file run-v2.cif (mmCIF, C-alpha atoms)
data_run
#
loop_
_atom_site.label_atom_id
_atom_site.label_comp_id
_atom_site.auth_asym_id
_atom_site.auth_seq_id
_atom_site.Cartn_x
_atom_site.Cartn_y
_atom_site.Cartn_z
CA MET P 1412 1.25 0.39 4.69
CA SER P 1413 -4.72 4.32 7.31
CA GLY P 1414 -3.06 10.17 9.74
CA ASN P 1415 -1.44 13.24 11.46
CA ARG P 1416 1.21 15.82 11.03
CA PRO P 1417 2.59 18.62 13.19
CA SER P 1418 -0.43 20.46 11.90
CA PRO P 1419 -3.30 18.43 13.40
CA ALA P 1420 -5.55 18.88 10.43
CA ARG P 1421 -3.69 16.29 8.35
CA ASN P 1422 -3.86 12.81 9.76
CA HIS P 1423 -3.84 10.04 7.19
CA VAL P 1424 -1.04 7.65 6.34
CA PRO P 1425 -0.45 5.14 3.72
CA THR P 1426 -0.58 2.42 6.18
CA THR P 1427 0.86 -0.21 4.04
CA ALA P 1428 2.93 1.22 1.39
CA LEU P 1429 4.89 3.24 3.74
CA THR P 1430 5.59 0.64 6.29
CA ILE P 1431 6.28 -2.18 3.96
CA ALA P 1432 8.27 0.25 1.96
CA LEU P 1433 10.52 1.21 4.79
CA ALA P 1434 10.59 -2.28 6.20
CA ALA P 1435 11.36 -4.17 3.07
CA ALA P 1436 13.68 -1.81 1.28
CA GLY P 1437 17.11 -0.41 1.48
CA VAL P 1438 16.86 3.35 1.48
CA VAL P 1439 18.52 4.97 -1.52
CA GLY P 1440 17.88 8.52 -2.60
CA MET P 1441 17.44 8.91 -6.32
CA ALA P 1442 14.40 10.82 -7.52
CA ALA P 1443 14.31 14.55 -7.90
CA PRO P 1444 11.94 16.35 -5.50
CA GLN P 1445 8.28 16.12 -6.44
CA THR P 1446 8.94 13.28 -8.84
CA GLN P 1447 8.39 9.58 -8.51
CA ALA P 1448 11.30 7.25 -7.98
CA ALA P 1449 10.54 4.29 -10.22
CA PRO P 1450 12.31 0.96 -9.89
CA ALA P 1451 13.26 -0.28 -13.33
CA ARG P 1452 10.68 -3.03 -13.61
CA ALA P 1453 7.81 -0.63 -12.98
CA LYS P 1454 8.71 2.16 -15.40
CA THR P 1455 7.32 0.69 -18.60
CA ALA P 1456 4.02 -0.38 -17.10
CA GLN P 1457 3.53 2.99 -15.46
CA ALA P 1458 4.18 4.91 -18.65
CA ALA P 1459 1.82 2.68 -20.58
CA HIS P 1460 -1.08 2.47 -18.17
CA HIS P 1461 -1.06 5.13 -15.49
CA ASP P 1462 -1.21 8.60 -16.91
CA ASP P 1463 -4.40 9.22 -14.93
CA PRO P 1464 -4.57 8.89 -11.14
CA ALA P 1465 -6.28 5.78 -9.78
CA THR P 1466 -9.49 6.29 -7.80
CA CYS P 1467 -11.90 4.24 -5.73
CA ARG P 1468 -15.49 5.46 -5.84
CA GLY P 1469 -14.20 8.78 -7.15
CA GLU P 1470 -11.52 9.34 -4.49
CA GLY P 1471 -7.78 9.07 -5.05
CA VAL P 1472 -4.47 9.85 -3.40
CA ASP P 1473 -3.46 13.31 -2.17
CA PRO P 1474 -2.96 15.44 -5.32
CA THR P 1475 -0.75 17.93 -3.47
CA ALA P 1476 1.61 15.41 -1.83
CA ARG P 1477 5.30 15.74 -2.71
CA ILE P 1478 6.02 12.06 -2.01
CA ARG P 1479 4.14 9.66 -4.27
CA TYR P 1480 4.56 6.34 -6.06
CA ARG P 1481 2.47 4.13 -8.32
CA SER P 1482 2.95 0.75 -9.94
CA ASP P 1483 1.10 -2.35 -11.07
CA VAL P 1484 1.43 -6.05 -11.76
CA VAL P 1485 -0.56 -8.69 -13.65
CA ILE P 1486 -1.48 -11.66 -11.49
CA LYS P 1487 -2.46 -14.99 -13.04
CA ALA P 1488 -5.31 -15.79 -10.68
CA PRO P 1489 -9.07 -15.14 -10.49
CA LEU P 1490 -10.17 -11.64 -9.54
CA SER P 1491 -12.06 -12.98 -6.53
CA THR P 1492 -8.93 -14.70 -5.21
CA VAL P 1493 -6.73 -11.62 -5.54
CA PHE P 1494 -9.27 -9.23 -4.02
CA ALA P 1495 -10.05 -11.56 -1.12
CA LEU P 1496 -6.36 -11.99 -0.34
CA GLN P 1497 -5.73 -8.25 -0.30
CA THR P 1498 -8.77 -7.37 1.80
CA ASP P 1499 -8.45 -10.15 4.38
CA VAL P 1500 -6.16 -7.90 6.39
CA GLU P 1501 -6.01 -10.22 9.40
CA ARG P 1502 -4.09 -12.72 7.26
CA TRP P 1503 -1.51 -10.24 5.96
CA PRO P 1504 1.20 -11.54 8.34
CA THR P 1505 0.89 -15.02 6.77
CA TRP P 1506 2.07 -13.84 3.34
CA GLN P 1507 3.76 -10.47 3.91
CA PRO P 1508 6.94 -10.88 5.99
CA PRO P 1509 7.16 -7.13 6.77
CA VAL P 1510 3.79 -7.23 8.58
CA LEU P 1511 4.68 -8.28 12.12
CA THR P 1512 1.27 -8.00 13.81
CA MET P 1513 -2.27 -7.21 12.71
CA LYS P 1514 -5.51 -6.59 14.62
CA ARG P 1515 -8.95 -5.63 13.36
CA LEU P 1516 -10.56 -2.91 15.47
CA ASP P 1517 -14.14 -3.74 14.49
CA PRO P 1518 -16.07 -6.91 13.59
CA GLY P 1519 -17.48 -8.12 10.29
CA PRO P 1520 -16.24 -7.88 6.69
CA LEU P 1521 -13.89 -5.10 5.70
CA ARG P 1522 -15.97 -2.12 4.58
CA LYS P 1523 -16.07 1.68 4.59
CA GLY P 1524 -15.20 2.83 8.10
CA SER P 1525 -13.35 -0.37 9.07
CA ARG P 1526 -10.17 0.15 11.08
CA PHE P 1527 -7.18 -2.08 11.73
CA ARG P 1528 -3.88 -1.70 13.59
CA TRP P 1529 -0.63 -3.30 12.48
CA THR P 1530 3.12 -3.07 12.95
CA THR P 1531 6.13 -3.33 10.69
CA PRO P 1532 9.88 -2.77 11.12
CA ALA P 1533 11.60 0.24 9.57
CA PRO P 1534 15.39 0.16 9.02
CA ALA P 1535 17.69 3.01 9.94
CA THR P 1536 18.24 5.78 7.37
CA PRO P 1537 20.79 8.62 7.33
CA THR P 1538 18.33 10.73 9.36
CA THR P 1539 16.17 8.26 11.33
CA PRO P 1540 16.87 5.29 13.63
CA ALA P 1541 15.72 1.72 13.09
CA THR P 1542 12.31 1.33 14.70
CA THR P 1543 8.98 -0.49 14.57
CA LEU P 1544 6.13 1.49 13.04
CA ASP P 1545 2.65 1.30 14.54
CA ILE P 1546 -0.08 2.01 11.98
CA THR P 1547 -3.80 2.52 12.46
CA SER P 1548 -5.59 2.29 9.13
CA THR P 1549 -9.09 3.44 8.21
CA VAL P 1550 -10.90 2.26 5.08
CA HIS P 1551 -12.56 5.19 3.30
CA GLN P 1552 -13.79 3.58 0.08
CA LEU P 1553 -14.25 -0.03 -0.98
CA LYS P 1554 -15.95 -1.65 -3.96
CA ARG P 1555 -15.99 -5.44 -4.10
CA ASP P 1556 -13.61 -6.94 -6.69
CA SER P 1557 -12.78 -3.44 -7.89
CA CYS P 1558 -10.94 -1.12 -5.49
CA ILE P 1559 -10.07 -0.10 -1.94
CA ARG P 1560 -8.75 3.15 -0.46
CA TRP P 1561 -7.46 3.65 3.08
CA SER P 1562 -5.31 6.05 5.09
CA GLY P 1563 -3.69 6.38 8.49
CA PRO P 1564 -0.60 7.47 10.46
CA ALA P 1565 2.59 5.45 10.90
CA ILE P 1566 4.42 6.22 14.13
CA GLY P 1567 7.65 4.79 15.55
CA GLU P 1568 10.40 5.92 17.88
CA GLY P 1569 12.17 8.71 16.02
CA LEU P 1570 10.08 8.28 12.86
CA ARG P 1571 6.64 9.51 11.86
CA ILE P 1572 4.68 9.69 8.61
CA ASP P 1573 1.92 12.15 9.30
CA GLU P 1574 -0.44 11.75 6.40
CA GLY P 1575 -0.78 9.27 3.61
CA VAL P 1576 -3.38 7.84 1.29
CA HIS P 1577 -3.28 4.43 -0.42
CA VAL P 1578 -5.45 3.33 -3.36
CA TRP P 1579 -5.61 -0.14 -4.93
CA THR P 1580 -7.56 -1.06 -8.08
CA PHE P 1581 -8.22 -4.52 -9.53
CA THR P 1582 -9.08 -5.01 -13.22
CA LYS P 1583 -9.68 -8.21 -15.18
CA VAL P 1584 -7.32 -8.56 -18.13
CA ARG P 1585 -6.45 -11.40 -20.47
CA GLY P 1586 -4.74 -14.05 -18.39
CA GLY P 1587 -5.53 -12.66 -14.97
CA VAL P 1588 -5.92 -9.45 -13.00
CA ARG P 1589 -4.05 -6.18 -13.25
CA VAL P 1590 -3.47 -4.80 -9.76
CA HIS P 1591 -2.58 -1.13 -9.59
CA THR P 1592 -1.44 0.68 -6.46
CA GLU P 1593 -0.81 4.36 -5.73
CA GLU P 1594 0.24 6.00 -2.49
CA THR P 1595 1.18 9.45 -1.21
CA TRP P 1596 2.85 10.60 2.00
CA THR P 1597 2.99 13.96 3.71
CA GLY P 1598 4.67 15.15 6.91
CA ASP P 1599 7.53 17.41 7.87
CA GLN P 1600 9.90 14.57 8.73
CA VAL P 1601 9.59 12.58 5.49
CA GLU P 1602 9.40 15.73 3.38
CA ALA P 1603 12.82 16.76 4.71
CA ASP P 1604 14.33 14.12 2.36
CA ILE P 1605 11.92 13.55 -0.52
CA PRO P 1606 14.20 11.34 -2.66
CA THR P 1607 14.89 8.93 0.19
CA ALA P 1608 11.23 8.80 1.26
CA THR P 1609 10.06 8.26 -2.32
CA GLU P 1610 12.53 5.45 -2.86
CA ALA P 1611 11.46 3.77 0.38
CA LEU P 1612 7.80 4.05 -0.59
CA GLY P 1613 8.47 2.64 -4.05
CA GLN P 1614 10.52 -0.30 -2.82
CA GLY P 1615 7.82 -1.15 -0.29
CA LEU P 1616 5.04 -1.10 -2.86
CA GLU P 1617 7.04 -3.23 -5.29
CA THR P 1618 7.65 -5.78 -2.53
CA TRP P 1619 3.94 -5.81 -1.65
CA LEU P 1620 2.92 -6.37 -5.27
CA SER P 1621 5.46 -9.16 -5.61
CA ASP P 1622 4.23 -10.90 -2.44
CA LEU P 1623 0.61 -10.54 -3.52
CA LYS P 1624 1.36 -12.01 -6.94
CA THR P 1625 3.35 -14.92 -5.52
CA THR P 1626 0.69 -15.80 -2.95
CA ALA P 1627 -2.32 -15.46 -5.25
CA GLU P 1628 -0.75 -17.47 -8.06
CA ALA P 1629 0.31 -20.22 -5.64
CA ALA P 1630 -3.24 -20.41 -4.30
CA ASN P 1631 -4.58 -20.60 -7.84
CA ARG P 1632 -2.27 -23.50 -8.69
CA ARG P 1633 -3.34 -25.37 -5.57
CA ASP P 1634 -7.03 -24.83 -6.36
CA ARG P 1635 -6.55 -26.21 -9.87
CA GLN P 1636 -4.74 -29.35 -8.76
CA PRO P 1637 -6.81 -32.55 -8.59
CA LEU P 1638 -7.69 -33.71 -5.10
#

call {"tool": "encode", "arguments": {"input": "run-v2.cif", "output": "structure tokens"}}
result
Amino acid sequence: MSGNRPSPARNHVPTTALTIALAAAGVVGMAAPQTQAAPARAKTAQAAHHDDPATCRGEGVDPTARIRYRSDVVIKAPLSTVFALQTDVERWPTWQPPVLTMKRLDPGPLRKGSRFRWTTPAPATPTTPATTLDITSTVHQLKRDSCIRWSGPAIGEGLRIDEGVHVWTFTKVRGGVRVHTEETWTGDQVEADIPTATEALGQGLETWLSDLKTTAEAANRRDRQPL
């Protein structure tokens, strides 16, 4: 899924993780408050690689947030391919089914200060109706072929995520690129049910990583095929 909360001072949202999370996942409460709900396939990688928070140019997710999730995946494709795919936000709807619409709000390459607006569906939960979330994201840090960090609010009818921060890092490893993502949410509405919100966030991020891996590896296979 870059904010706002009933207290105006906090206005960032995990534009992507949150929306794709809610949109792509069934909502199941499972984690204890202030802990991360971790789908089974992510647990081992997280324990092995992510004891320290991810950062982009020294900035990370909200350290005080009660809703947070992190995960990673290894993608068998060149670093340049993976990073370009992730940062070409205007093309997200072509490979991420939960992204319904996308519009850049400024010209030129994605960079610090860039803003974009996008929408994604959110299913009904025990406490919120089904709706379409409208997200306005702002890029705060970006380093080519290395990392990106953005934030922004997600607002729908009967559903609001007031503040969130989303960090992605990209690291060359043997056989490809390790992509790591972390996101936090804050806001009175989502904090009223932390297990459900955490599970939704986690499912959304896992779906995003899976879609990114599938698309990047398919592009790599096409590029390597003889003309």

call {"tool": "residues_near_point", "arguments": {"input": "run-v2.cif", "point": "(-0.9, -17.5, -9.8)", "cutoff": "6 Å", "atoms": "only C-alpha atoms", "output": "list in words"}}
result
Lys1487, Ala1488, Ala1627, Glu1628, Ala1629 and Asn1631 of chain P

call {"tool": "atom_distance", "arguments": {"input": "run-v2.cif", "atom1": "atom CA of Arg1633 of chain P", "atom2": "atom CA of Trp1529 of chain P"}}
result
28.6 Å

call {"tool": "resolve_selection", "arguments": {"input": "run-v2.cif", "expression": "the PyMOL selection byres ((chain P and resi 1565) around 6)", "output": "PDB file with C-alpha atoms, in the coordinates of the input"}}
result
ATOM      1  CA  LEU P1544       6.130   1.490  13.040  1.00  0.00           C
ATOM      2  CA  ASP P1545       2.650   1.300  14.540  1.00  0.00           C
ATOM      3  CA  ILE P1546      -0.080   2.010  11.980  1.00  0.00           C
ATOM      4  CA  PRO P1564      -0.600   7.470  10.460  1.00  0.00           C
ATOM      5  CA  ILE P1566       4.420   6.220  14.130  1.00  0.00           C
ATOM      6  CA  ARG P1571       6.640   9.510  11.860  1.00  0.00           C
ATOM      7  CA  ILE P1572       4.680   9.690   8.610  1.00  0.00           C
TER       8      ILE P1572
END

call {"tool": "closest_residue", "arguments": {"input": "run-v2.cif", "among": "P:Pro1474, P:Gly1587, P:Arg1560, P:Gly1567", "to": "Thr1531 of chain P", "atoms": "only C-alpha atoms"}}
result
P:Gly1567

call {"tool": "atom_distance", "arguments": {"input": "run-v2.cif", "atom1": "atom CA of Thr1530 of chain P", "atom2": "atom CA of Ala1611 of chain P"}}
result
16.6 Å

call {"tool": "residues_around", "arguments": {"input": "run-v2.cif", "residues": "Arg1502 of chain P", "least_positions_apart": "3", "cutoff": "12 Å", "atoms": "only C-alpha atoms", "output": "NGL selection string"}}
result
:P and (1495-1499 or 1505-1508 or 1510-1515 or 1527 or 1529 or 1623 or 1626)

call {"tool": "closest_residue", "arguments": {"input": "run-v2.cif", "among": "P:Val1601, P:Val1493, P:Val1588, P:Val1550", "to": "Thr1538 of chain P", "atoms": "all atoms listed in the file"}}
result
P:Val1601

call {"tool": "atom_distance", "arguments": {"input": "run-v2.cif", "atom1": "atom CA of Leu1570 of chain P", "atom2": "atom CA of Ala1603 of chain P"}}
result
12.1 Å

call {"tool": "resolve_selection", "arguments": {"input": "run-v2.cif", "expression": "the PyMOL selection byres ((chain P and resi 1483) around 6)", "output": "PyMOL selection string"}}
result
chain P and resi 1482+1484+1590-1591

call {"tool": "closest_residue", "arguments": {"input": "run-v2.cif", "among": "P:Ser1557, P:Thr1547, P:Thr1475, P:Thr1618", "to": "Arg1528 of chain P", "atoms": "only C-alpha atoms"}}
result
P:Thr1547

call {"tool": "resolve_selection", "arguments": {"input": "run-v2.cif", "expression": "the PyMOL selection byres ((chain P and resi 1469) around 12)", "output": "PDB file with C-alpha atoms, in the frame of the given file"}}
result
ATOM      1  CA  PRO P1464      -4.570   8.890 -11.140  1.00  0.00           C
ATOM      2  CA  ALA P1465      -6.280   5.780  -9.780  1.00  0.00           C
ATOM      3  CA  THR P1466      -9.490   6.290  -7.800  1.00  0.00           C
ATOM      4  CA  CYS P1467     -11.900   4.240  -5.730  1.00  0.00           C
ATOM      5  CA  ARG P1468     -15.490   5.460  -5.840  1.00  0.00           C
ATOM      6  CA  GLU P1470     -11.520   9.340  -4.490  1.00  0.00           C
ATOM      7  CA  GLY P1471      -7.780   9.070  -5.050  1.00  0.00           C
ATOM      8  CA  VAL P1472      -4.470   9.850  -3.400  1.00  0.00           C
ATOM      9  CA  HIS P1551     -12.560   5.190   3.300  1.00  0.00           C
ATOM     10  CA  GLN P1552     -13.790   3.580   0.080  1.00  0.00           C
ATOM     11  CA  LEU P1553     -14.250  -0.030  -0.980  1.00  0.00           C
ATOM     12  CA  LYS P1554     -15.950  -1.650  -3.960  1.00  0.00           C
ATOM     13  CA  CYS P1558     -10.940  -1.120  -5.490  1.00  0.00           C
ATOM     14  CA  ILE P1559     -10.070  -0.100  -1.940  1.00  0.00           C
ATOM     15  CA  ARG P1560      -8.750   3.150  -0.460  1.00  0.00           C
ATOM     16  CA  VAL P1578      -5.450   3.330  -3.360  1.00  0.00           C
ATOM     17  CA  THR P1580      -7.560  -1.060  -8.080  1.00  0.00           C
TER      18      THR P1580
END

call {"tool": "residues_near_point", "arguments": {"input": "run-v2.cif", "point": "(-2.6, 5.2, 0.4)", "cutoff": "6 Å", "atoms": "all atoms listed in the file", "output": "ChimeraX atom specification"}}
result
/P:1425,1561-1562,1575-1578,1594-1595

call {"tool": "residues_around", "arguments": {"input": "run-v2.cif", "residues": "Arg1526 of chain P", "least_positions_apart": "3", "cutoff": "6 Å", "atoms": "all atoms listed in the file", "output": "list in words"}}
result
Leu1516, Ser1548 and Thr1549 of chain P

call {"tool": "closest_residue", "arguments": {"input": "run-v2.cif", "among": "P:Thr1543, P:Lys1523, P:Thr1536, P:Asp1556", "to": "Phe1581 of chain P", "atoms": "all atoms listed in the file"}}
result
P:Asp1556

call {"tool": "axis_aligned_box", "arguments": {"input": "run-v2.cif", "around": "segment 1519-1535 of chain P", "padding_each_side": "3 Å", "output": "AutoDock Vina command-line options"}}
result
--center_x 0.1 --center_y -2.6 --center_z 9.1 --size_x 41.2 --size_y 17.1 --size_z 15.0
